[in-house]
$ cat protein39.cif   # mmCIF, N, CA and C atoms
data_data
loop_
_atom_site.label_atom_id
_atom_site.label_comp_id
_atom_site.auth_asym_id
_atom_site.auth_seq_id
_atom_site.Cartn_x
_atom_site.Cartn_y
_atom_site.Cartn_z
N GLN I 1 0.85 -1.19 0.00
CA GLN I 1 0.00 0.00 0.00
C GLN I 1 0.89 1.24 0.00
N VAL I 2 0.58 2.15 -0.89
CA VAL I 2 1.34 3.38 -0.99
C VAL I 2 0.44 4.54 -0.62
N GLN I 3 0.88 5.34 0.32
CA GLN I 3 0.15 6.55 0.66
C GLN I 3 0.89 7.75 0.11
N LEU I 4 0.11 8.65 -0.48
CA LEU I 4 0.69 9.84 -1.09
C LEU I 4 0.09 11.08 -0.43
N VAL I 5 0.94 12.01 -0.08
CA VAL I 5 0.48 13.23 0.58
C VAL I 5 1.02 14.43 -0.18
N GLU I 6 0.07 15.24 -0.70
CA GLU I 6 0.46 16.44 -1.43
C GLU I 6 0.56 17.64 -0.49
N SER I 7 1.35 18.59 -0.91
CA SER I 7 1.42 19.87 -0.20
C SER I 7 1.83 20.94 -1.19
N GLY I 8 1.55 22.20 -0.82
CA GLY I 8 2.02 23.31 -1.63
C GLY I 8 0.97 24.03 -2.44
N GLY I 9 -0.27 23.58 -2.37
CA GLY I 9 -1.30 24.28 -3.12
C GLY I 9 -1.60 25.64 -2.52
N GLY I 10 -2.43 26.41 -3.20
CA GLY I 10 -2.79 27.72 -2.69
C GLY I 10 -3.33 28.63 -3.76
N LEU I 11 -3.34 29.90 -3.46
CA LEU I 11 -3.86 30.93 -4.35
C LEU I 11 -2.71 31.71 -4.96
N VAL I 12 -2.76 31.90 -6.26
CA VAL I 12 -1.72 32.63 -6.97
C VAL I 12 -2.35 33.45 -8.07
N GLN I 13 -1.75 34.56 -8.41
CA GLN I 13 -2.25 35.38 -9.49
C GLN I 13 -1.83 34.81 -10.84
N ALA I 14 -2.60 35.11 -11.84
CA ALA I 14 -2.27 34.67 -13.19
C ALA I 14 -0.87 35.18 -13.56
N GLY I 15 -0.12 34.28 -14.19
CA GLY I 15 1.26 34.61 -14.53
C GLY I 15 2.26 34.22 -13.49
N GLY I 16 1.78 33.85 -12.32
CA GLY I 16 2.66 33.47 -11.23
C GLY I 16 3.07 32.02 -11.28
N SER I 17 3.80 31.61 -10.26
CA SER I 17 4.32 30.25 -10.19
C SER I 17 3.93 29.61 -8.86
N LEU I 18 3.87 28.31 -8.88
CA LEU I 18 3.54 27.55 -7.67
C LEU I 18 4.19 26.18 -7.78
N GLY I 19 4.66 25.67 -6.64
CA GLY I 19 5.25 24.34 -6.62
C GLY I 19 4.47 23.42 -5.72
N LEU I 20 4.25 22.22 -6.16
CA LEU I 20 3.58 21.19 -5.37
C LEU I 20 4.57 20.08 -5.06
N SER I 21 4.38 19.48 -3.92
CA SER I 21 5.23 18.37 -3.51
C SER I 21 4.36 17.18 -3.15
N CYS I 22 4.87 16.00 -3.41
CA CYS I 22 4.15 14.76 -3.07
C CYS I 22 5.12 13.84 -2.36
N ALA I 23 4.77 13.46 -1.15
CA ALA I 23 5.59 12.55 -0.36
C ALA I 23 4.93 11.17 -0.32
N ALA I 24 5.72 10.16 -0.62
CA ALA I 24 5.22 8.78 -0.60
C ALA I 24 5.60 8.11 0.72
N SER I 25 4.75 7.20 1.15
CA SER I 25 4.98 6.52 2.42
C SER I 25 5.97 5.37 2.31
N VAL I 26 6.29 4.99 1.07
CA VAL I 26 7.23 3.90 0.84
C VAL I 26 8.26 4.35 -0.17
N THR I 27 9.30 3.56 -0.33
CA THR I 27 10.29 3.90 -1.34
C THR I 27 9.65 3.89 -2.71
N ILE I 28 9.97 4.88 -3.51
CA ILE I 28 9.40 4.96 -4.85
C ILE I 28 10.38 4.46 -5.89
N PHE I 29 11.46 3.89 -5.44
CA PHE I 29 12.48 3.43 -6.39
C PHE I 29 11.90 2.48 -7.42
N ASN I 30 11.01 1.59 -6.95
CA ASN I 30 10.44 0.61 -7.86
C ASN I 30 9.05 0.98 -8.35
N ILE I 31 8.59 2.19 -8.01
CA ILE I 31 7.29 2.64 -8.52
C ILE I 31 7.47 2.99 -9.99
N ASN I 32 6.67 2.39 -10.83
CA ASN I 32 6.86 2.52 -12.27
C ASN I 32 6.63 3.96 -12.75
N VAL I 33 5.49 4.51 -12.39
CA VAL I 33 5.14 5.86 -12.85
C VAL I 33 4.65 6.68 -11.68
N MET I 34 5.12 7.91 -11.62
CA MET I 34 4.56 8.87 -10.68
C MET I 34 4.20 10.12 -11.45
N GLY I 35 3.25 10.86 -10.91
CA GLY I 35 2.87 12.05 -11.63
C GLY I 35 1.77 12.83 -10.97
N TRP I 36 1.18 13.71 -11.77
CA TRP I 36 0.15 14.62 -11.28
C TRP I 36 -1.03 14.62 -12.25
N TYR I 37 -2.20 14.60 -11.66
CA TYR I 37 -3.44 14.78 -12.37
C TYR I 37 -4.17 15.97 -11.75
N ARG I 38 -5.18 16.44 -12.43
CA ARG I 38 -5.97 17.53 -11.85
C ARG I 38 -7.44 17.36 -12.22
N GLN I 39 -8.28 17.97 -11.41
CA GLN I 39 -9.71 17.94 -11.68
C GLN I 39 -10.31 19.28 -11.33
N ALA I 40 -10.86 19.93 -12.34
CA ALA I 40 -11.54 21.21 -12.16
C ALA I 40 -13.02 20.95 -11.90
N PRO I 41 -13.71 21.88 -11.27
CA PRO I 41 -15.13 21.69 -10.99
C PRO I 41 -15.93 21.39 -12.25
N GLY I 42 -16.72 20.34 -12.20
CA GLY I 42 -17.56 19.98 -13.32
C GLY I 42 -16.84 19.29 -14.46
N LYS I 43 -15.56 18.99 -14.27
CA LYS I 43 -14.79 18.35 -15.33
C LYS I 43 -14.20 17.03 -14.85
N GLN I 44 -13.81 16.21 -15.79
CA GLN I 44 -13.19 14.95 -15.46
C GLN I 44 -11.73 15.16 -15.04
N ARG I 45 -11.25 14.22 -14.27
CA ARG I 45 -9.85 14.27 -13.88
C ARG I 45 -8.99 14.06 -15.13
N GLU I 46 -7.93 14.83 -15.24
CA GLU I 46 -7.08 14.73 -16.42
C GLU I 46 -5.61 14.67 -16.01
N ARG I 47 -4.85 14.01 -16.84
CA ARG I 47 -3.41 13.90 -16.60
C ARG I 47 -2.73 15.23 -16.86
N VAL I 48 -1.83 15.60 -15.98
CA VAL I 48 -1.04 16.81 -16.15
C VAL I 48 0.35 16.44 -16.68
N ILE I 49 1.04 15.63 -15.90
CA ILE I 49 2.39 15.26 -16.27
C ILE I 49 2.80 14.05 -15.45
N THR I 50 3.55 13.14 -16.07
CA THR I 50 4.02 11.95 -15.37
C THR I 50 5.49 11.72 -15.66
N VAL I 51 6.12 10.93 -14.81
CA VAL I 51 7.52 10.57 -15.02
C VAL I 51 7.70 9.10 -14.67
N THR I 52 8.40 8.39 -15.51
CA THR I 52 8.62 6.98 -15.27
C THR I 52 9.82 6.77 -14.35
N ARG I 53 9.99 5.53 -13.95
CA ARG I 53 11.14 5.19 -13.10
C ARG I 53 12.44 5.52 -13.81
N GLY I 54 12.42 5.44 -15.13
CA GLY I 54 13.61 5.74 -15.92
C GLY I 54 13.79 7.20 -16.24
N GLY I 55 12.86 8.04 -15.79
CA GLY I 55 13.01 9.47 -15.99
C GLY I 55 12.34 10.03 -17.24
N ILE I 56 11.54 9.22 -17.90
CA ILE I 56 10.84 9.71 -19.09
C ILE I 56 9.57 10.43 -18.66
N THR I 57 9.43 11.65 -19.12
CA THR I 57 8.25 12.45 -18.76
C THR I 57 7.26 12.51 -19.91
N ARG I 58 6.02 12.71 -19.53
CA ARG I 58 4.95 12.82 -20.51
C ARG I 58 4.01 13.92 -20.03
N SER I 59 3.87 14.96 -20.82
CA SER I 59 3.07 16.12 -20.41
C SER I 59 1.82 16.25 -21.25
N ALA I 60 0.77 16.75 -20.63
CA ALA I 60 -0.40 17.15 -21.39
C ALA I 60 -0.02 18.39 -22.21
N ASP I 61 -0.78 18.61 -23.26
CA ASP I 61 -0.46 19.75 -24.13
C ASP I 61 -0.45 21.06 -23.36
N PHE I 62 -1.40 21.21 -22.45
CA PHE I 62 -1.51 22.48 -21.73
C PHE I 62 -0.36 22.69 -20.77
N ALA I 63 0.35 21.61 -20.44
CA ALA I 63 1.45 21.70 -19.48
C ALA I 63 2.81 21.92 -20.16
N GLU I 64 2.86 21.65 -21.44
CA GLU I 64 4.13 21.77 -22.16
C GLU I 64 4.68 23.19 -22.05
N GLY I 65 5.94 23.27 -21.64
CA GLY I 65 6.60 24.57 -21.56
C GLY I 65 6.30 25.36 -20.31
N ARG I 66 5.33 24.91 -19.52
CA ARG I 66 4.96 25.65 -18.30
C ARG I 66 5.16 24.82 -17.03
N PHE I 67 4.88 23.53 -17.12
CA PHE I 67 4.94 22.65 -15.94
C PHE I 67 6.11 21.70 -16.06
N THR I 68 6.76 21.47 -14.93
CA THR I 68 7.90 20.56 -14.89
C THR I 68 7.75 19.60 -13.72
N ILE I 69 8.06 18.35 -13.96
CA ILE I 69 8.02 17.35 -12.90
C ILE I 69 9.43 16.90 -12.58
N SER I 70 9.66 16.66 -11.31
CA SER I 70 10.94 16.10 -10.90
C SER I 70 10.68 14.99 -9.89
N ARG I 71 11.57 14.06 -9.88
CA ARG I 71 11.39 12.85 -9.06
C ARG I 71 12.70 12.55 -8.34
N ASP I 72 12.61 12.33 -7.05
CA ASP I 72 13.79 11.98 -6.27
C ASP I 72 13.50 10.66 -5.55
N ASN I 73 14.03 9.58 -6.08
CA ASN I 73 13.76 8.27 -5.50
C ASN I 73 14.34 8.14 -4.09
N ALA I 74 15.43 8.81 -3.83
CA ALA I 74 16.05 8.72 -2.50
C ALA I 74 15.19 9.39 -1.43
N LYS I 75 14.46 10.42 -1.84
CA LYS I 75 13.62 11.15 -0.89
C LYS I 75 12.16 10.73 -0.96
N ASN I 76 11.86 9.80 -1.85
CA ASN I 76 10.48 9.32 -2.01
C ASN I 76 9.51 10.48 -2.29
N ARG I 77 9.95 11.38 -3.16
CA ARG I 77 9.14 12.55 -3.45
C ARG I 77 9.12 12.86 -4.94
N VAL I 78 8.03 13.49 -5.34
CA VAL I 78 7.95 14.09 -6.67
C VAL I 78 7.47 15.51 -6.47
N TRP I 79 7.90 16.36 -7.38
CA TRP I 79 7.52 17.78 -7.32
C TRP I 79 6.92 18.20 -8.66
N LEU I 80 6.03 19.15 -8.58
CA LEU I 80 5.45 19.75 -9.77
C LEU I 80 5.70 21.25 -9.68
N GLN I 81 6.45 21.76 -10.62
CA GLN I 81 6.68 23.19 -10.70
C GLN I 81 5.82 23.75 -11.81
N MET I 82 4.99 24.72 -11.46
CA MET I 82 4.05 25.30 -12.41
C MET I 82 4.38 26.77 -12.59
N ASN I 83 4.64 27.15 -13.82
CA ASN I 83 4.97 28.54 -14.14
C ASN I 83 3.94 29.12 -15.08
N ASN I 84 3.89 30.44 -15.12
CA ASN I 84 2.96 31.13 -16.01
C ASN I 84 1.54 30.58 -15.86
N LEU I 85 1.09 30.50 -14.64
CA LEU I 85 -0.22 29.92 -14.37
C LEU I 85 -1.35 30.76 -14.94
N LYS I 86 -2.40 30.09 -15.34
CA LYS I 86 -3.57 30.72 -15.93
C LYS I 86 -4.80 30.38 -15.09
N PRO I 87 -5.84 31.21 -15.18
CA PRO I 87 -7.06 30.90 -14.41
C PRO I 87 -7.61 29.51 -14.72
N GLU I 88 -7.45 29.05 -15.94
CA GLU I 88 -7.95 27.72 -16.31
C GLU I 88 -7.14 26.59 -15.70
N ASP I 89 -6.04 26.91 -15.03
CA ASP I 89 -5.28 25.89 -14.30
C ASP I 89 -5.87 25.64 -12.91
N THR I 90 -6.86 26.41 -12.54
CA THR I 90 -7.52 26.22 -11.25
C THR I 90 -8.15 24.83 -11.18
N ALA I 91 -7.76 24.07 -10.17
CA ALA I 91 -8.24 22.70 -10.03
C ALA I 91 -7.69 22.11 -8.74
N VAL I 92 -8.18 20.95 -8.41
CA VAL I 92 -7.56 20.15 -7.36
C VAL I 92 -6.51 19.27 -8.04
N TYR I 93 -5.32 19.32 -7.54
CA TYR I 93 -4.21 18.57 -8.12
C TYR I 93 -3.92 17.34 -7.26
N TYR I 94 -3.83 16.20 -7.93
CA TYR I 94 -3.65 14.93 -7.25
C TYR I 94 -2.32 14.30 -7.63
N CYS I 95 -1.63 13.81 -6.63
CA CYS I 95 -0.44 13.01 -6.88
C CYS I 95 -0.88 11.59 -7.23
N TYR I 96 -0.12 10.96 -8.10
CA TYR I 96 -0.50 9.66 -8.66
C TYR I 96 0.73 8.74 -8.69
N ALA I 97 0.48 7.48 -8.42
CA ALA I 97 1.55 6.49 -8.53
C ALA I 97 0.99 5.20 -9.10
N ALA I 98 1.77 4.56 -9.94
CA ALA I 98 1.40 3.26 -10.49
C ALA I 98 2.57 2.32 -10.29
N ASP I 99 2.33 1.23 -9.58
CA ASP I 99 3.45 0.33 -9.31
C ASP I 99 3.62 -0.67 -10.45
N GLN I 100 4.62 -1.51 -10.31
CA GLN I 100 4.95 -2.43 -11.41
C GLN I 100 3.89 -3.50 -11.60
N GLY I 101 3.05 -3.69 -10.59
CA GLY I 101 1.96 -4.65 -10.72
C GLY I 101 0.71 -4.07 -11.34
N GLY I 102 0.75 -2.76 -11.62
CA GLY I 102 -0.40 -2.12 -12.24
C GLY I 102 -1.36 -1.48 -11.26
N LEU I 103 -1.07 -1.59 -9.97
CA LEU I 103 -1.93 -0.94 -8.99
C LEU I 103 -1.66 0.56 -9.00
N THR I 104 -2.72 1.34 -8.80
CA THR I 104 -2.59 2.79 -8.81
C THR I 104 -2.98 3.36 -7.45
N TYR I 105 -2.37 4.48 -7.14
CA TYR I 105 -2.58 5.13 -5.85
C TYR I 105 -2.75 6.63 -6.09
N TRP I 106 -3.55 7.24 -5.20
CA TRP I 106 -3.84 8.66 -5.33
C TRP I 106 -3.66 9.36 -3.99
N GLY I 107 -3.21 10.59 -4.05
CA GLY I 107 -3.20 11.42 -2.87
C GLY I 107 -4.58 12.01 -2.64
N GLN I 108 -4.70 12.78 -1.58
CA GLN I 108 -5.99 13.35 -1.23
C GLN I 108 -6.30 14.61 -2.03
N GLY I 109 -5.30 15.16 -2.69
CA GLY I 109 -5.49 16.33 -3.52
C GLY I 109 -5.17 17.62 -2.80
N THR I 110 -4.74 18.60 -3.57
CA THR I 110 -4.46 19.92 -3.03
C THR I 110 -5.00 20.97 -4.01
N GLN I 111 -5.66 21.97 -3.46
CA GLN I 111 -6.33 22.97 -4.29
C GLN I 111 -5.34 24.00 -4.80
N VAL I 112 -5.43 24.26 -6.09
CA VAL I 112 -4.68 25.34 -6.72
C VAL I 112 -5.69 26.30 -7.34
N THR I 113 -5.63 27.55 -6.95
CA THR I 113 -6.54 28.56 -7.47
C THR I 113 -5.73 29.68 -8.09
N VAL I 114 -6.02 29.98 -9.34
CA VAL I 114 -5.32 31.03 -10.05
C VAL I 114 -6.31 32.16 -10.32
N SER I 115 -6.02 33.31 -9.78
CA SER I 115 -6.92 34.46 -9.96
C SER I 115 -6.48 35.28 -11.17
N SER I 116 -7.48 35.87 -11.80
CA SER I 116 -7.19 36.66 -13.01
C SER I 116 -6.88 38.11 -12.68
#
$ encode --input "protein39.cif" --output "structure tokens"
Amino acid sequence: QVQLVESGGGLVQAGGSLGLSCAASVTIFNINVMGWYRQAPGKQRERVITVTRGGITRSADFAEGRFTISRDNAKNRVWLQMNNLKPEDTAVYYCYAADQGGLTYWGQGTQVTVSS
């Protein structure tokens, strides 16, 4: 069982930056994929950006050039750096993990609000 705890959400003005952190309860060295998803009110949860155990990242189109993911297996953490934020980035952001057996895990989510 993997528990994920996000931190770092909050309110930011459009054009600003915000960083999110996700701490895992177990070593993530063997976790296949870690990443971030988000869900805005009235919308489905969508992938933001993920990183594999080998360091390969995959970003949604809206995240390209603005959002960066980093992964530290020694610290059992992943970070999401978000730059040039827009009001449409307002959502609850969830940390995500998928282990080698295909099981998936989610954090409780952290609210990000971007004001115009």
$ residues_around --input "protein39.cif" --residues "region 69-75 of chain I" --least-positions-apart "5" --cutoff "7 Å" --atoms "only N, CA and C atoms" --output "PyMOL selection string"
chain I and resi 23-24+27-29+49-51+80-81
$ write_last_selection --input "protein39.cif" --atoms "N, CA and C atoms" --output "PDB file, keeping the file's coordinate frame"
ATOM      1  N   ALA I  23       4.770  13.460  -1.150  1.00  0.00           N
ATOM      2  CA  ALA I  23       5.590  12.550  -0.360  1.00  0.00           C
ATOM      3  C   ALA I  23       4.930  11.170  -0.320  1.00  0.00           C
ATOM      4  N   ALA I  24       5.720  10.160  -0.620  1.00  0.00           N
ATOM      5  CA  ALA I  24       5.220   8.780  -0.600  1.00  0.00           C
ATOM      6  C   ALA I  24       5.600   8.110   0.720  1.00  0.00           C
ATOM      7  N   THR I  27       9.300   3.560  -0.330  1.00  0.00           N
ATOM      8  CA  THR I  27      10.290   3.900  -1.340  1.00  0.00           C
ATOM      9  C   THR I  27       9.650   3.890  -2.710  1.00  0.00           C
ATOM     10  N   ILE I  28       9.970   4.880  -3.510  1.00  0.00           N
ATOM     11  CA  ILE I  28       9.400   4.960  -4.850  1.00  0.00           C
ATOM     12  C   ILE I  28      10.380   4.460  -5.890  1.00  0.00           C
ATOM     13  N   PHE I  29      11.460   3.890  -5.440  1.00  0.00           N
ATOM     14  CA  PHE I  29      12.480   3.430  -6.390  1.00  0.00           C
ATOM     15  C   PHE I  29      11.900   2.480  -7.420  1.00  0.00           C
ATOM     16  N   ILE I  49       1.040  15.630 -15.900  1.00  0.00           N
ATOM     17  CA  ILE I  49       2.390  15.260 -16.270  1.00  0.00           C
ATOM     18  C   ILE I  49       2.800  14.050 -15.450  1.00  0.00           C
ATOM     19  N   THR I  50       3.550  13.140 -16.070  1.00  0.00           N
ATOM     20  CA  THR I  50       4.020  11.950 -15.370  1.00  0.00           C
ATOM     21  C   THR I  50       5.490  11.720 -15.660  1.00  0.00           C
ATOM     22  N   VAL I  51       6.120  10.930 -14.810  1.00  0.00           N
ATOM     23  CA  VAL I  51       7.520  10.570 -15.020  1.00  0.00           C
ATOM     24  C   VAL I  51       7.700   9.100 -14.670  1.00  0.00           C
ATOM     25  N   LEU I  80       6.030  19.150  -8.580  1.00  0.00           N
ATOM     26  CA  LEU I  80       5.450  19.750  -9.770  1.00  0.00           C
ATOM     27  C   LEU I  80       5.700  21.250  -9.680  1.00  0.00           C
ATOM     28  N   GLN I  81       6.450  21.760 -10.620  1.00  0.00           N
ATOM     29  CA  GLN I  81       6.680  23.190 -10.700  1.00  0.00           C
ATOM     30  C   GLN I  81       5.820  23.750 -11.810  1.00  0.00           C
TER      31      GLN I  81
END
$ residues_around --input "protein39.cif" --residues "Ser59 (chain I)" --least-positions-apart "3" --cutoff "6.5 Å" --atoms "all atoms listed in the file" --output "PDB file with N, CA and C atoms, keeping the file's coordinate frame"
ATOM      1  N   ARG I  47      -4.850  14.010 -16.840  1.00  0.00           N
ATOM      2  CA  ARG I  47      -3.410  13.900 -16.600  1.00  0.00           C
ATOM      3  C   ARG I  47      -2.730  15.230 -16.860  1.00  0.00           C
ATOM      4  N   VAL I  48      -1.830  15.600 -15.980  1.00  0.00           N
ATOM      5  CA  VAL I  48      -1.040  16.810 -16.150  1.00  0.00           C
ATOM      6  C   VAL I  48       0.350  16.440 -16.680  1.00  0.00           C
ATOM      7  N   ILE I  49       1.040  15.630 -15.900  1.00  0.00           N
ATOM      8  CA  ILE I  49       2.390  15.260 -16.270  1.00  0.00           C
ATOM      9  C   ILE I  49       2.800  14.050 -15.450  1.00  0.00           C
ATOM     10  N   THR I  50       3.550  13.140 -16.070  1.00  0.00           N
ATOM     11  CA  THR I  50       4.020  11.950 -15.370  1.00  0.00           C
ATOM     12  C   THR I  50       5.490  11.720 -15.660  1.00  0.00           C
ATOM     13  N   PHE I  62      -1.400  21.210 -22.450  1.00  0.00           N
ATOM     14  CA  PHE I  62      -1.510  22.480 -21.730  1.00  0.00           C
ATOM     15  C   PHE I  62      -0.360  22.690 -20.770  1.00  0.00           C
ATOM     16  N   ALA I  63       0.350  21.610 -20.440  1.00  0.00           N
ATOM     17  CA  ALA I  63       1.450  21.700 -19.480  1.00  0.00           C
ATOM     18  C   ALA I  63       2.810  21.920 -20.160  1.00  0.00           C
ATOM     19  N   GLU I  64       2.860  21.650 -21.440  1.00  0.00           N
ATOM     20  CA  GLU I  64       4.130  21.770 -22.160  1.00  0.00           C
ATOM     21  C   GLU I  64       4.680  23.190 -22.050  1.00  0.00           C
TER      22      GLU I  64
END
$ closest_residue --input "protein39.cif" --among "I:Val114, I:Val5, I:Ala97, I:Ala40" --to "Leu85 (chain I)" --atoms "all atoms listed in the file"
I:Val114
$ select_by_dssp --input "protein39.cif" --residues "region 37-116 of chain I" --states "strand (DSSP E or B)" --output "JSON, numbers by chain"
{"I": [37, 38, 39, 46, 47, 48, 49, 50, 51, 52, 57, 58, 59, 67, 68, 69, 70, 71, 72, 77, 78, 79, 80, 81, 82, 91, 92, 93, 94, 95, 96, 97, 98, 104, 105, 106, 110, 111, 112, 113, 114, 115]}
$ resolve_selection --input "protein39.cif" --expression "the PyMOL selection byres ((chain I and resi 53) around 6)" --output "list of chain:residue names"
I:Ile31, I:Asn32, I:Val33, I:Met34, I:Val51, I:Thr52, I:Gly54, I:Gly55, I:Ile56
$ atom_distance --input "protein39.cif" --atom1 "CA of Val12 (chain I)" --atom2 "CA of Ser25 (chain I)"
28.5 Å
$ atom_distance --input "protein39.cif" --atom1 "CA of Lys86 (chain I)" --atom2 "atom C of Ala98 (chain I)"
29.6 Å
$ atom_distance --input "protein39.cif" --atom1 "CA of Met82 (chain I)" --atom2 "CA of Leu103 (chain I)"
27.1 Å
$ resolve_selection --input "protein39.cif" --expression "the PyMOL selection byres ((chain I and resi 4) around 8)" --output "MDAnalysis selection string"
chainID I and resid 1:3 5:7 21:26 95:97 105:109
$ closest_residue --input "protein39.cif" --among "I:Arg66, I:Asn84, I:Arg58, I:Arg77" --to "Ser116 (chain I)" --atoms "only C-alpha atoms"
I:Asn84
$ residues_around --input "protein39.cif" --residues "Pro87 (chain I)" --least-positions-apart "3" --cutoff "7 Å" --atoms "all atoms listed in the file" --output "ChimeraX atom specification"
/I:13-15,90,113-116
$ axis_aligned_box --input "protein39.cif" --around "region 90-101 of chain I" --padding-each-side "8 Å" --output "AutoDock Vina command-line options"
--center_x -1.6 --center_y 10.9 --center_z -9.6 --size_x 29.2 --size_y 47.1 --size_z 21.9
$ resolve_selection --input "protein39.cif" --expression "the PyMOL selection byres ((chain I and resi 41) around 6.5)" --output "list in words"
Gln39, Ala40, Gly42, Lys43, Thr90, Ala91 and Val92 of chain I
$ residues_around --input "protein39.cif" --residues "Glu46 (chain I)" --least-positions-apart "5" --cutoff "6 Å" --atoms "all atoms listed in the file" --output "CSV table (one decimal) with N, CA and C atoms, keeping the file's coordinate frame"
chain,number,residue,atom,x,y,z
I,36,TRP,N,1.2,13.7,-11.8
I,36,TRP,CA,0.2,14.6,-11.3
I,36,TRP,C,-1.0,14.6,-12.2
I,37,TYR,N,-2.2,14.6,-11.7
I,37,TYR,CA,-3.4,14.8,-12.4
I,37,TYR,C,-4.2,16.0,-11.8
I,38,ARG,N,-5.2,16.4,-12.4
I,38,ARG,CA,-6.0,17.5,-11.8
I,38,ARG,C,-7.4,17.4,-12.2
I,39,GLN,N,-8.3,18.0,-11.4
I,39,GLN,CA,-9.7,17.9,-11.7
I,39,GLN,C,-10.3,19.3,-11.3
